[in-house]
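Undergrad: Please find start.cif (mmCIF, C-alpha atoms) on the next line:
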data_upload
#
loop_
_atom_site.group_PDB
_atom_site.id
_atom_site.type_symbol
_atom_site.label_atom_id
_atom_site.label_comp_id
_atom_site.auth_asym_id
_atom_site.auth_seq_id
_atom_site.Cartn_x
_atom_site.Cartn_y
_atom_site.Cartn_z
ATOM 1 C CA MET C 1 29.248 -18.768 -4.854
ATOM 2 C CA ARG C 2 29.851 -20.014 -8.372
ATOM 3 C CA ILE C 3 29.260 -23.709 -9.044
ATOM 4 C CA TYR C 4 32.918 -24.109 -10.150
ATOM 5 C CA ASN C 5 34.258 -22.567 -6.944
ATOM 6 C CA ARG C 6 32.059 -24.953 -4.965
ATOM 7 C CA LEU C 7 33.431 -27.943 -6.886
ATOM 8 C CA ILE C 8 37.045 -26.902 -6.185
ATOM 9 C CA ILE C 9 36.297 -26.283 -2.485
ATOM 10 C CA TYR C 10 34.491 -29.631 -2.024
ATOM 11 C CA LEU C 11 37.343 -31.479 -3.744
ATOM 12 C CA ALA C 12 39.966 -29.728 -1.596
ATOM 13 C CA LEU C 13 37.963 -30.556 1.547
ATOM 14 C CA ALA C 14 37.510 -34.197 0.508
ATOM 15 C CA PHE C 15 41.228 -34.608 -0.239
ATOM 16 C CA SER C 16 42.137 -32.989 3.096
ATOM 17 C CA VAL C 17 39.795 -35.292 5.033
ATOM 18 C CA VAL C 18 40.926 -38.467 3.200
ATOM 19 C CA ASN C 19 44.643 -37.664 3.548
ATOM 20 C CA SER C 20 44.327 -36.618 7.205
ATOM 21 C CA VAL C 21 42.344 -39.726 8.207
ATOM 22 C CA LEU C 22 44.766 -42.055 6.429
ATOM 23 C CA ALA C 23 47.795 -40.255 7.890
ATOM 24 C CA PHE C 24 46.373 -40.506 11.435
ATOM 25 C CA ALA C 25 45.550 -44.185 10.794
ATOM 26 C CA GLY C 26 49.236 -44.740 10.046
ATOM 27 C CA GLN C 27 48.847 -45.672 6.404
ATOM 28 C CA ARG C 28 52.274 -45.945 4.700
ATOM 29 C CA ASP C 29 51.257 -46.888 1.149
ATOM 30 C CA VAL C 30 50.958 -43.962 -1.335
ATOM 31 C CA GLN C 31 48.824 -46.108 -3.638
ATOM 32 C CA VAL C 32 46.107 -46.377 -0.958
ATOM 33 C CA TYR C 33 46.090 -42.581 -0.617
ATOM 34 C CA PHE C 34 45.836 -42.177 -4.394
ATOM 35 C CA ILE C 35 43.016 -44.717 -4.788
ATOM 36 C CA LEU C 36 40.906 -43.206 -1.996
ATOM 37 C CA ASP C 37 41.541 -39.654 -3.272
ATOM 38 C CA LEU C 38 40.525 -40.836 -6.742
ATOM 39 C CA MET C 39 37.315 -42.373 -5.390
ATOM 40 C CA ALA C 40 36.419 -39.114 -3.629
ATOM 41 C CA TYR C 41 37.260 -37.213 -6.801
ATOM 42 C CA LEU C 42 35.096 -39.421 -9.032
ATOM 43 C CA ILE C 43 32.127 -39.283 -6.627
ATOM 44 C CA ILE C 44 32.214 -35.479 -6.298
ATOM 45 C CA THR C 45 32.713 -34.768 -10.019
ATOM 46 C CA LEU C 46 29.925 -37.211 -10.911
ATOM 47 C CA LEU C 47 27.557 -35.273 -8.626
ATOM 48 C CA TYR C 48 28.159 -32.153 -10.737
ATOM 49 C CA VAL C 49 26.142 -33.337 -13.740
ATOM 50 C CA TYR C 50 24.817 -29.857 -14.522
ATOM 51 C CA LEU C 51 28.182 -28.329 -15.429
ATOM 52 C CA ASN C 52 28.715 -26.460 -18.667
ATOM 53 C CA PRO C 53 29.246 -29.047 -21.500
ATOM 54 C CA ARG C 54 32.762 -27.711 -22.241
ATOM 55 C CA ALA C 55 33.808 -28.086 -18.593
ATOM 56 C CA ARG C 56 32.047 -31.453 -18.376
ATOM 57 C CA GLY C 57 33.933 -32.718 -21.464
ATOM 58 C CA ALA C 58 37.281 -31.567 -20.091
ATOM 59 C CA LEU C 59 36.527 -33.113 -16.678
ATOM 60 C CA THR C 60 35.642 -36.421 -18.367
ATOM 61 C CA ALA C 61 39.061 -36.389 -20.084
ATOM 62 C CA VAL C 62 40.768 -35.681 -16.717
ATOM 63 C CA ASN C 63 38.720 -38.487 -15.112
ATOM 64 C CA ALA C 64 39.930 -40.855 -17.848
ATOM 65 C CA VAL C 65 43.587 -39.918 -17.170
ATOM 66 C CA PHE C 66 43.223 -40.488 -13.413
ATOM 67 C CA PHE C 67 41.330 -43.717 -13.985
ATOM 68 C CA THR C 68 44.204 -44.904 -16.197
ATOM 69 C CA GLY C 69 46.513 -44.256 -13.224
ATOM 70 C CA PHE C 70 44.213 -46.394 -11.091
ATOM 71 C CA GLY C 71 44.304 -49.128 -13.768
ATOM 72 C CA VAL C 72 48.113 -49.075 -13.782
ATOM 73 C CA ILE C 73 48.168 -49.538 -9.982
ATOM 74 C CA VAL C 74 45.743 -52.473 -10.225
ATOM 75 C CA VAL C 75 47.793 -54.119 -13.015
ATOM 76 C CA LEU C 76 51.033 -53.709 -10.996
ATOM 77 C CA LYS C 77 49.351 -55.257 -7.934
ATOM 78 C CA ILE C 78 48.082 -58.214 -10.032
ATOM 79 C CA ILE C 79 51.564 -58.720 -11.502
ATOM 80 C CA ASN C 80 53.017 -58.702 -7.962
ATOM 81 C CA ILE C 81 50.455 -61.302 -6.830
ATOM 82 C CA ILE C 82 50.874 -63.738 -9.756
ATOM 83 C CA LYS C 83 54.675 -63.321 -9.965
ATOM 84 C CA PRO C 84 56.340 -66.532 -8.720
ATOM 85 C CA MET Z 1 46.065 -15.930 -19.143
ATOM 86 C CA SER Z 2 43.763 -13.769 -16.968
ATOM 87 C CA ASN Z 3 41.525 -16.781 -16.328
ATOM 88 C CA PRO Z 4 41.813 -17.372 -12.530
ATOM 89 C CA TYR Z 5 40.986 -21.090 -12.817
ATOM 90 C CA ARG Z 6 43.807 -21.581 -15.336
ATOM 91 C CA ILE Z 7 46.285 -19.747 -13.092
ATOM 92 C CA LEU Z 8 45.188 -21.787 -10.054
ATOM 93 C CA GLY Z 9 45.375 -25.016 -12.082
ATOM 94 C CA LEU Z 10 48.892 -24.310 -13.364
ATOM 95 C CA VAL Z 11 50.169 -23.316 -9.915
ATOM 96 C CA LEU Z 12 48.709 -26.445 -8.269
ATOM 97 C CA CYS Z 13 49.974 -28.774 -11.031
ATOM 98 C CA LEU Z 14 53.489 -27.290 -10.985
ATOM 99 C CA ALA Z 15 53.684 -27.308 -7.174
ATOM 100 C CA GLY Z 16 52.439 -30.893 -7.102
ATOM 101 C CA ALA Z 17 54.864 -32.031 -9.831
ATOM 102 C CA VAL Z 18 57.842 -30.493 -7.971
ATOM 103 C CA LEU Z 19 56.836 -31.579 -4.458
ATOM 104 C CA THR Z 20 55.757 -35.192 -5.208
ATOM 105 C CA PRO Z 21 59.265 -36.592 -5.980
ATOM 106 C CA LEU Z 22 60.757 -34.342 -3.280
ATOM 107 C CA PHE Z 23 58.443 -35.680 -0.544
ATOM 108 C CA TYR Z 24 58.603 -39.294 -1.784
ATOM 109 C CA PHE Z 25 62.349 -39.705 -2.410
ATOM 110 C CA LEU Z 26 64.023 -37.084 -0.205
ATOM 111 C CA VAL Z 27 61.670 -36.610 2.752
ATOM 112 C CA GLY Z 28 60.231 -40.133 2.581
ATOM 113 C CA SER Z 29 56.835 -39.030 3.830
ATOM 114 C CA GLN Z 30 53.834 -40.837 2.301
ATOM 115 C CA PRO Z 31 51.157 -38.465 3.669
ATOM 116 C CA LEU Z 32 52.979 -35.421 2.251
ATOM 117 C CA THR Z 33 53.415 -37.220 -1.081
ATOM 118 C CA ALA Z 34 49.658 -37.896 -1.075
ATOM 119 C CA VAL Z 35 48.967 -34.189 -0.431
ATOM 120 C CA SER Z 36 51.096 -33.201 -3.424
ATOM 121 C CA ILE Z 37 49.340 -35.815 -5.620
ATOM 122 C CA SER Z 38 46.006 -34.339 -4.470
ATOM 123 C CA SER Z 39 47.336 -30.940 -5.466
ATOM 124 C CA ILE Z 40 47.983 -32.235 -9.013
ATOM 125 C CA MET Z 41 44.438 -33.687 -9.169
ATOM 126 C CA LEU Z 42 42.957 -30.390 -7.984
ATOM 127 C CA GLY Z 43 45.110 -28.519 -10.508
ATOM 128 C CA PHE Z 44 43.886 -30.629 -13.430
ATOM 129 C CA THR Z 45 40.282 -30.090 -12.281
ATOM 130 C CA SER Z 46 40.823 -26.350 -12.166
ATOM 131 C CA LEU Z 47 42.358 -26.408 -15.664
ATOM 132 C CA ALA Z 48 39.341 -28.375 -16.937
ATOM 133 C CA ILE Z 49 36.941 -25.883 -15.384
ATOM 134 C CA SER Z 50 38.785 -22.951 -16.981
ATOM 135 C CA ASN Z 51 37.291 -24.113 -20.315
ATOM 136 C CA ALA Z 52 33.855 -23.051 -19.130
ATOM 137 C CA ARG Z 53 34.781 -19.395 -18.803
ATOM 138 C CA PRO Z 54 33.240 -17.290 -21.599
ATOM 139 C CA TYR Z 55 35.536 -15.965 -24.318
ATOM 140 C CA ILE Z 56 34.034 -12.503 -23.924
ATOM 141 C CA SER Z 57 34.007 -10.617 -20.635
ATOM 142 C CA PRO Z 58 30.886 -10.423 -18.420
ATOM 143 C CA GLU Z 59 30.900 -6.651 -19.049
ATOM 144 C CA ALA Z 60 30.584 -7.237 -22.807
ATOM 145 C CA CYS Z 61 27.718 -9.699 -22.200
ATOM 146 C CA GLN Z 62 26.032 -7.144 -19.922
ATOM 147 C CA MET Z 63 26.364 -4.515 -22.649
ATOM 148 C CA LEU Z 64 24.725 -6.788 -25.260
ATOM 149 C CA LEU Z 65 21.918 -7.754 -22.842
ATOM 150 C CA ALA Z 66 21.262 -4.124 -21.918
ATOM 151 C CA THR Z 67 21.140 -3.126 -25.601
ATOM 152 C CA GLY Z 68 18.521 -5.772 -26.421
ATOM 153 C CA THR Z 69 16.494 -5.018 -23.288
ATOM 154 C CA GLU Z 70 16.481 -1.266 -23.855
ATOM 155 C CA ASN Z 71 15.372 -1.663 -27.488
ATOM 156 C CA ILE Z 72 12.431 -3.944 -26.668
ATOM 157 C CA ALA Z 73 11.509 -1.790 -23.648
ATOM 158 C CA ALA Z 74 11.426 1.299 -25.895
ATOM 159 C CA LEU Z 75 9.178 -0.523 -28.352
ATOM 160 C CA LEU Z 76 6.800 -1.686 -25.596
ATOM 161 C CA GLU Z 77 6.653 1.779 -24.031
ATOM 162 C CA GLU Z 78 5.965 3.395 -27.387
ATOM 163 C CA LEU Z 79 3.081 0.983 -28.027
ATOM 164 C CA GLY Z 80 1.850 1.337 -24.433
ATOM 165 C CA LEU Z 81 1.812 -2.452 -23.954
ATOM 166 C CA ARG Z 82 1.679 -3.757 -20.389
ATOM 167 C CA ASN Z 83 0.124 -7.184 -20.970
ATOM 168 C CA ARG Z 84 2.044 -10.238 -19.880
ATOM 169 C CA ALA Z 85 3.834 -12.165 -22.631
ATOM 170 C CA VAL Z 86 2.709 -15.624 -23.725
ATOM 171 C CA TYR Z 87 5.583 -18.002 -24.435
ATOM 172 C CA LEU Z 88 4.896 -20.186 -27.455
ATOM 173 C CA PRO Z 89 6.593 -23.499 -28.320
ATOM 174 C CA SER Z 90 8.533 -23.835 -31.573
ATOM 175 C CA SER Z 91 5.844 -26.225 -32.891
ATOM 176 C CA MET Z 92 3.442 -23.264 -33.100
ATOM 177 C CA GLN Z 93 5.927 -21.026 -34.906
ATOM 178 C CA ASN Z 94 7.516 -22.999 -37.740
ATOM 179 C CA GLY Z 95 10.476 -24.107 -35.641
ATOM 180 C CA PHE Z 96 11.646 -20.846 -34.056
ATOM 181 C CA MET Z 97 10.833 -19.682 -30.531
ATOM 182 C CA ARG Z 98 9.431 -16.350 -29.447
ATOM 183 C CA ALA Z 99 7.007 -14.897 -26.952
ATOM 184 C CA ILE Z 100 4.026 -12.817 -27.995
ATOM 185 C CA ILE Z 101 2.689 -9.762 -26.166
ATOM 186 C CA PRO Z 102 -1.029 -9.417 -27.013
ATOM 187 C CA PHE Z 103 -2.384 -5.953 -27.782
ATOM 188 C CA VAL Z 104 -5.606 -6.802 -25.935
ATOM 189 C CA GLU Z 105 -5.707 -8.192 -22.408
ATOM 190 C CA GLY Z 106 -7.804 -11.257 -21.548
ATOM 191 C CA ASP Z 107 -8.154 -14.860 -22.624
ATOM 192 C CA ILE Z 108 -8.234 -15.175 -26.375
ATOM 193 C CA PRO Z 109 -8.128 -18.730 -27.778
ATOM 194 C CA PHE Z 110 -5.068 -19.668 -29.802
ATOM 195 C CA ASP Z 111 -5.472 -21.044 -33.303
ATOM 196 C CA SER Z 112 -3.275 -24.144 -32.976
ATOM 197 C CA GLN Z 113 -3.537 -24.917 -36.723
ATOM 198 C CA HIS Z 114 -2.140 -21.525 -37.671
ATOM 199 C CA LYS Z 115 1.661 -21.246 -37.483
ATOM 200 C CA LEU Z 116 2.871 -17.797 -36.583
ATOM 201 C CA PRO Z 117 4.881 -16.021 -39.280
ATOM 202 C CA ARG Z 118 8.342 -14.677 -38.495
ATOM 203 C CA ARG Z 119 7.214 -11.077 -38.236
ATOM 204 C CA LEU Z 120 7.062 -8.436 -35.519
ATOM 205 C CA ILE Z 121 3.268 -8.037 -35.563
ATOM 206 C CA VAL Z 122 1.440 -11.360 -35.727
ATOM 207 C CA ARG Z 123 -2.124 -12.653 -35.595
ATOM 208 C CA TYR Z 124 -2.335 -15.623 -33.211
ATOM 209 C CA GLY Z 125 -6.076 -16.414 -33.092
ATOM 210 C CA LYS Z 126 -9.211 -16.335 -35.197
ATOM 211 C CA ASN Z 127 -10.668 -13.234 -33.536
ATOM 212 C CA SER Z 128 -10.057 -9.849 -35.129
ATOM 213 C CA ASP Z 129 -8.400 -8.504 -31.953
ATOM 214 C CA SER Z 130 -6.026 -11.421 -31.491
ATOM 215 C CA VAL Z 131 -3.002 -9.440 -32.629
ATOM 216 C CA ALA Z 132 0.316 -9.310 -30.773
ATOM 217 C CA ILE Z 133 3.934 -8.376 -31.174
ATOM 218 C CA ALA Z 134 6.355 -11.292 -31.202
ATOM 219 C CA VAL Z 135 9.740 -10.829 -29.528
ATOM 220 C CA THR Z 136 12.699 -13.047 -28.736
ATOM 221 C CA THR Z 137 13.261 -13.283 -24.975
ATOM 222 C CA PRO Z 138 16.204 -14.529 -22.846
ATOM 223 C CA GLY Z 139 14.232 -17.734 -22.243
ATOM 224 C CA ASN Z 140 13.784 -18.422 -25.950
ATOM 225 C CA VAL Z 141 17.533 -18.141 -26.522
ATOM 226 C CA CYS Z 142 18.249 -20.484 -23.589
ATOM 227 C CA VAL Z 143 16.074 -23.275 -25.021
ATOM 228 C CA LYS Z 144 18.600 -23.562 -27.869
ATOM 229 C CA MET Z 145 21.295 -24.408 -25.274
ATOM 230 C CA LEU Z 146 19.532 -27.659 -24.396
ATOM 231 C CA ASP Z 147 20.854 -30.757 -26.163
ATOM 232 C CA THR Z 148 17.381 -32.322 -26.191
ATOM 233 C CA ILE Z 149 13.948 -30.915 -25.486
ATOM 234 C CA PRO Z 150 12.813 -32.122 -22.023
ATOM 235 C CA GLY Z 151 9.824 -34.400 -21.584
ATOM 236 C CA PRO Z 152 6.467 -33.065 -20.386
ATOM 237 C CA THR Z 153 6.833 -34.250 -16.765
ATOM 238 C CA ALA Z 154 7.650 -31.822 -13.939
ATOM 239 C CA SER Z 155 10.878 -33.704 -13.096
ATOM 240 C CA ASP Z 156 12.133 -33.486 -16.711
ATOM 241 C CA ILE Z 157 11.431 -29.759 -16.859
ATOM 242 C CA GLU Z 158 13.046 -29.284 -13.422
ATOM 243 C CA SER Z 159 16.202 -31.075 -14.615
ATOM 244 C CA ALA Z 160 16.371 -28.933 -17.766
ATOM 245 C CA LEU Z 161 15.884 -25.754 -15.723
ATOM 246 C CA THR Z 162 18.572 -26.785 -13.231
ATOM 247 C CA TYR Z 163 20.941 -27.539 -16.112
ATOM 248 C CA ILE Z 164 20.407 -24.091 -17.659
ATOM 249 C CA LEU Z 165 20.138 -21.898 -14.530
ATOM 250 C CA THR Z 166 22.737 -23.654 -12.361
ATOM 251 C CA GLY Z 167 25.132 -25.366 -14.758
ATOM 252 C CA MET Z 168 25.146 -23.269 -17.941
ATOM 253 C CA LEU Z 169 24.358 -19.733 -16.764
ATOM 254 C CA ASP Z 170 25.241 -20.079 -13.069
ATOM 255 C CA ILE Z 171 22.581 -17.531 -12.052
ATOM 256 C CA ALA Z 172 20.835 -19.683 -9.411
ATOM 257 C CA ASP Z 173 21.716 -22.354 -6.849
ATOM 258 C CA SER Z 174 18.782 -24.757 -7.201
ATOM 259 C CA VAL Z 175 15.362 -25.164 -8.782
ATOM 260 C CA SER Z 176 12.272 -27.067 -7.636
ATOM 261 C CA MET Z 177 9.029 -27.431 -9.511
ATOM 262 C CA LYS Z 178 5.538 -28.772 -8.865
ATOM 263 C CA GLU Z 179 2.340 -28.994 -10.859
ATOM 264 C CA ALA Z 180 -0.868 -27.536 -9.435
ATOM 265 C CA GLY Z 181 -3.720 -28.096 -11.909
ATOM 266 C CA SER Z 182 -3.154 -25.963 -14.995
ATOM 267 C CA ASN Z 183 -0.487 -24.008 -13.123
ATOM 268 C CA ILE Z 184 3.140 -24.884 -12.543
ATOM 269 C CA GLU Z 185 4.960 -23.494 -9.521
ATOM 270 C CA VAL Z 186 8.696 -22.989 -9.833
ATOM 271 C CA GLU Z 187 10.870 -22.068 -6.886
ATOM 272 C CA VAL Z 188 14.372 -20.840 -7.662
ATOM 273 C CA ARG Z 189 16.838 -20.425 -4.796
ATOM 274 C CA GLY Z 190 20.068 -18.421 -4.759
ATOM 275 C CA VAL Z 191 19.081 -16.133 -7.655
ATOM 276 C CA LYS Z 192 21.985 -13.865 -8.648
ATOM 277 C CA MET Z 193 20.416 -11.948 -11.545
ATOM 278 C CA HIS Z 194 18.038 -9.124 -10.738
ATOM 279 C CA GLU Z 195 15.964 -7.029 -13.090
ATOM 280 C CA SER Z 196 16.098 -3.257 -13.452
ATOM 281 C CA ASN Z 197 13.804 -2.166 -16.307
ATOM 282 C CA ALA Z 198 10.345 -2.367 -14.732
ATOM 283 C CA TRP Z 199 8.270 -1.999 -17.923
ATOM 284 C CA PHE Z 200 10.202 -4.609 -19.864
ATOM 285 C CA TYR Z 201 10.131 -7.181 -17.061
ATOM 286 C CA GLN Z 202 6.436 -6.606 -16.350
ATOM 287 C CA CYS Z 203 5.694 -7.840 -19.874
ATOM 288 C CA ILE Z 204 8.410 -10.439 -20.460
ATOM 289 C CA GLY Z 205 9.095 -11.478 -16.861
ATOM 290 C CA SER Z 206 12.473 -11.507 -15.129
ATOM 291 C CA PRO Z 207 15.266 -13.406 -16.932
ATOM 292 C CA VAL Z 208 14.817 -16.412 -14.592
ATOM 293 C CA ALA Z 209 11.031 -16.436 -15.076
ATOM 294 C CA SER Z 210 11.466 -16.030 -18.821
ATOM 295 C CA ILE Z 211 13.769 -19.066 -18.963
ATOM 296 C CA ALA Z 212 11.338 -21.110 -16.841
ATOM 297 C CA ALA Z 213 8.380 -20.153 -19.058
ATOM 298 C CA ALA Z 214 10.198 -20.793 -22.342
ATOM 299 C CA ILE Z 215 11.501 -24.228 -21.313
ATOM 300 C CA THR Z 216 8.113 -25.251 -19.870
ATOM 301 C CA SER Z 217 6.337 -24.126 -23.032
ATOM 302 C CA GLU Z 218 8.729 -26.066 -25.270
ATOM 303 C CA ALA Z 219 8.538 -29.185 -23.068
ATOM 304 C CA LEU Z 220 4.737 -29.199 -22.937
ATOM 305 C CA GLY Z 221 4.248 -27.987 -26.517
ATOM 306 C CA LYS Z 222 1.685 -25.476 -25.231
ATOM 307 C CA PRO Z 223 1.547 -21.689 -24.695
ATOM 308 C CA VAL Z 224 2.677 -20.657 -21.219
ATOM 309 C CA GLN Z 225 2.186 -17.328 -19.436
ATOM 310 C CA ILE Z 226 3.940 -16.049 -16.318
ATOM 311 C CA LYS Z 227 1.026 -15.585 -13.915
ATOM 312 C CA GLU Z 228 2.888 -14.484 -10.811
ATOM 313 C CA GLU Z 229 6.428 -13.711 -9.744
ATOM 314 C CA LYS Z 230 7.481 -13.106 -6.164
ATOM 315 C CA SER Z 231 10.914 -12.551 -4.651
ATOM 316 C CA SER Z 232 11.786 -13.158 -1.026
ATOM 317 C CA LYS Z 233 14.833 -13.473 1.264
ATOM 318 C CA GLY Z 234 16.508 -10.360 -0.129
ATOM 319 C CA ASP Z 235 15.602 -11.200 -3.745
ATOM 320 C CA THR Z 236 17.598 -14.450 -3.622
ATOM 321 C CA ARG Z 237 14.540 -16.726 -3.627
ATOM 322 C CA GLN Z 238 12.072 -16.432 -6.473
ATOM 323 C CA ARG Z 239 8.649 -18.080 -6.714
ATOM 324 C CA ILE Z 240 7.195 -18.168 -10.208
ATOM 325 C CA VAL Z 241 3.704 -19.372 -11.113
ATOM 326 C CA LEU Z 242 3.284 -20.376 -14.750
ATOM 327 C CA GLU Z 243 -0.116 -20.816 -16.352
ATOM 328 C CA VAL Z 244 -0.356 -23.413 -19.112
ATOM 329 C CA LYS Z 245 -2.838 -22.339 -21.793
ATOM 330 C CA ASP Z 246 -4.687 -24.762 -24.077
#
Please express the file's structure as structure tokens.
TA:
Amino acid sequence: MRIYNRLIIYLALAFSVVNSVLAFAGQRDVQVYFILDLMAYLIITLLYVYLNPRARGALTAVNAVFFTGFGVIVVLKIINIIKP
Amino acid sequence: MSNPYRILGLVLCLAGAVLTPLFYFLVGSQPLTAVSISSIMLGFTSLAISNARPYISPEACQMLLATGTENIAALLEELGLRNRAVYLPSSMQNGFMRAIIPFVEGDIPFDSQHKLPRRLIVRYGKNSDSVAIAVTTPGNVCVKMLDTIPGPTASDIESALTYILTGMLDIADSVSMKEAGSNIEVEVRGVKMHESNAWFYQCIGSPVASIAAAITSEALGKPVQIKEEKSSKGDTRQRIVLEVKD
């Protein structure tokens, strides 16, 4: 199996497990789902250090976009906490 | 548009973009919204991976490889050479990398002061019979793909080999390496590339062995010869013994 196919399959499995566990646990906040999916995503993509440099570069850009999404969620939460 | 990763990426991204607001605002289901967000993430990953696909088809690459192999094999057969190639580091050849196939079998000391000229027939030692033909091998080409030359330790060479065989070329699943005196044992698992031209590969080694020898030679800065090559488990596991020459 190609290394890229394996990456896609592991990510799909990780997302399925995270979403299923949270759904069965009764989680109602989409942000929690997103943050845990993002964590699984970052861990799995970081493990694939031997990818082709072009794919690695593109994945780093995608990581940056998702991490920005995470940053936005954190900023919104902080604003909610400090708002009088 | 025939790139399957790009098609998968676009489908997942579009499906996710349509379903996310639908599940969140209309259905009001958080788990389903999370699944569609995951679909977008998976889609972007697939789009990123599509960059790694070669611009030319595997068939075209196979054609170019076969052309080079057949030409060198014809040359070796014409000269009647069956000796195993010695992979030399770029420091011994004025910056370029090639392997030499000695005309005479046996241990002939290398003249480390003498840099090999960029010619087909070269003299590599002080003895009168230390003459060889110098050829570019798959391994020599792969060394150029490395960003930096690996260090001389087994773990550095193993990392470089894994990067080339698993990440760049995707022709093996994993690589392990250990030093045993002047020999280095390399075990490659999940090999997907198998040789066909017996004469050529007897001299140069299989593509995987050639890559292992060339990278080891460049990392150590010493000549390296493929001493032994064995395949097992239906040719998917390959054990290569490299001999480091002084």
Undergrad: Rounded to one decimal, what separation in Å do you get between atom CA of Lys126 of chain Z and atom CA of Ser217 of chain Z?
TA: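 Pair atom CA of Lys126 of chain Z / atom CA of Ser217 of chain Z returns 21.2 Å.
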Undergrad: Please check which residues have atoms at most 8 Å from (38.9, -35.4, -13.6) in the file's coordinates, counting only C-alpha atoms, and write them as a PDB file with C-alpha atoms, keeping the file's coordinate frame.
TA:
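Output below, filename part06.pdb:
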ATOM      1  CA  TYR C  41      37.260 -37.213  -6.801  1.00  0.00           C
ATOM      2  CA  LEU C  42      35.096 -39.421  -9.032  1.00  0.00           C
ATOM      3  CA  THR C  45      32.713 -34.768 -10.019  1.00  0.00           C
ATOM      4  CA  ALA C  58      37.281 -31.567 -20.091  1.00  0.00           C
ATOM      5  CA  LEU C  59      36.527 -33.113 -16.678  1.00  0.00           C
ATOM      6  CA  THR C  60      35.642 -36.421 -18.367  1.00  0.00           C
ATOM      7  CA  ALA C  61      39.061 -36.389 -20.084  1.00  0.00           C
ATOM      8  CA  VAL C  62      40.768 -35.681 -16.717  1.00  0.00           C
ATOM      9  CA  ASN C  63      38.720 -38.487 -15.112  1.00  0.00           C
ATOM     10  CA  ALA C  64      39.930 -40.855 -17.848  1.00  0.00           C
ATOM     11  CA  VAL C  65      43.587 -39.918 -17.170  1.00  0.00           C
ATOM     12  CA  PHE C  66      43.223 -40.488 -13.413  1.00  0.00           C
TER      13      PHE C  66
ATOM     14  CA  MET Z  41      44.438 -33.687  -9.169  1.00  0.00           C
ATOM     15  CA  PHE Z  44      43.886 -30.629 -13.430  1.00  0.00           C
ATOM     16  CA  THR Z  45      40.282 -30.090 -12.281  1.00  0.00           C
ATOM     17  CA  ALA Z  48      39.341 -28.375 -16.937  1.00  0.00           C
TER      18      ALA Z  48
END
Undergrad: Would you kindly report the residues of chain Z within 7 Å of chain C, using all atoms listed in the file, as a list in words?
TA: Gln30, Pro31, Ala34, Val35, Ser38, Phe44, Thr45, Ala48, Ile49, Asn51, Ala52, Tyr163, Thr166, Gly167, Met168 and Asp170 of chain Z
Undergrad: Give as number ranges by chain the residues that the PyMOL selection byres ((chain Z and resi 118-124) around 9) matches when applied to the coordinates above.
TA: Z: 93-94, 96, 100, 102, 109-112, 114-117, 125-135
Undergrad: Enter the distance from atom CA of Ser206 of chain Z to atom CA of Ser91 of chain Z, in Å, rounded to one decimal.
TA: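 Calculated distance between atom CA of Ser206 of chain Z and atom CA of Ser91 of chain Z is 24.0 Å.
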Undergrad: So how many Å separate atom CA of Glu70 of chain Z and atom CA of Asp147 of chain Z, to one decimal?
TA: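 These two atoms are separated by 29.9 Å.
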Undergrad: Which residue out of Z:Ser39, Z:Thr137, Z:Thr20, Z:Thr33 has the minimum interatomic distance to Leu65 of chain Z when all atoms listed in the file are used?
TA: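 Of Z:Ser39, Z:Thr137, Z:Thr20, Z:Thr33, the one nearest Leu65 of chain Z, counting all atoms listed in the file, is Z:Thr137.
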Undergrad: Can you tell me, as number ranges by chain, what residues are no more than 9 Å from segment 178-190 of chain Z when counting all atoms listed in the file, ignoring any on the same chain fewer than 2 positions away?
TA: Z: 154-155, 158, 171-176, 192, 208-209, 212, 216, 227, 235-245
Undergrad: Can you list, as an NGL selection string, every protein, DNA or RNA residue that comes within 9 Å of Glu77 of chain Z when you count all atoms listed in the file, leaving out same-chain residues fewer than 5 positions away?
TA: :Z and (72 or 82 or 199-200)
Undergrad: Check which residues satisfy the PyMOL selection byres ((chain Z and resi 1-11) around 8) in the file shown, then give them as an MDAnalysis selection string.
TA: chainID Z and resid 12:15 42:47 49:50 53
Undergrad: For this structure, which residues satisfy the selection - the PyMOL selection byres ((chain Z and resi 139) around 8) - when it is evaluated on the file as given? I want them as a list in words.
TA: Thr137, Pro138, Asn140, Val141, Cys142, Val143, Pro207, Val208, Ala209, Ser210, Ile211, Ala212, Ala213, Ala214 and Ile215 of chain Z
Undergrad: Using only C-alpha atoms, can you tell me which of Z:Ile204, Z:Ala17, Z:Leu75, Z:Ile37 comes closest to Leu36 of chain C?
TA: Z:Ile37
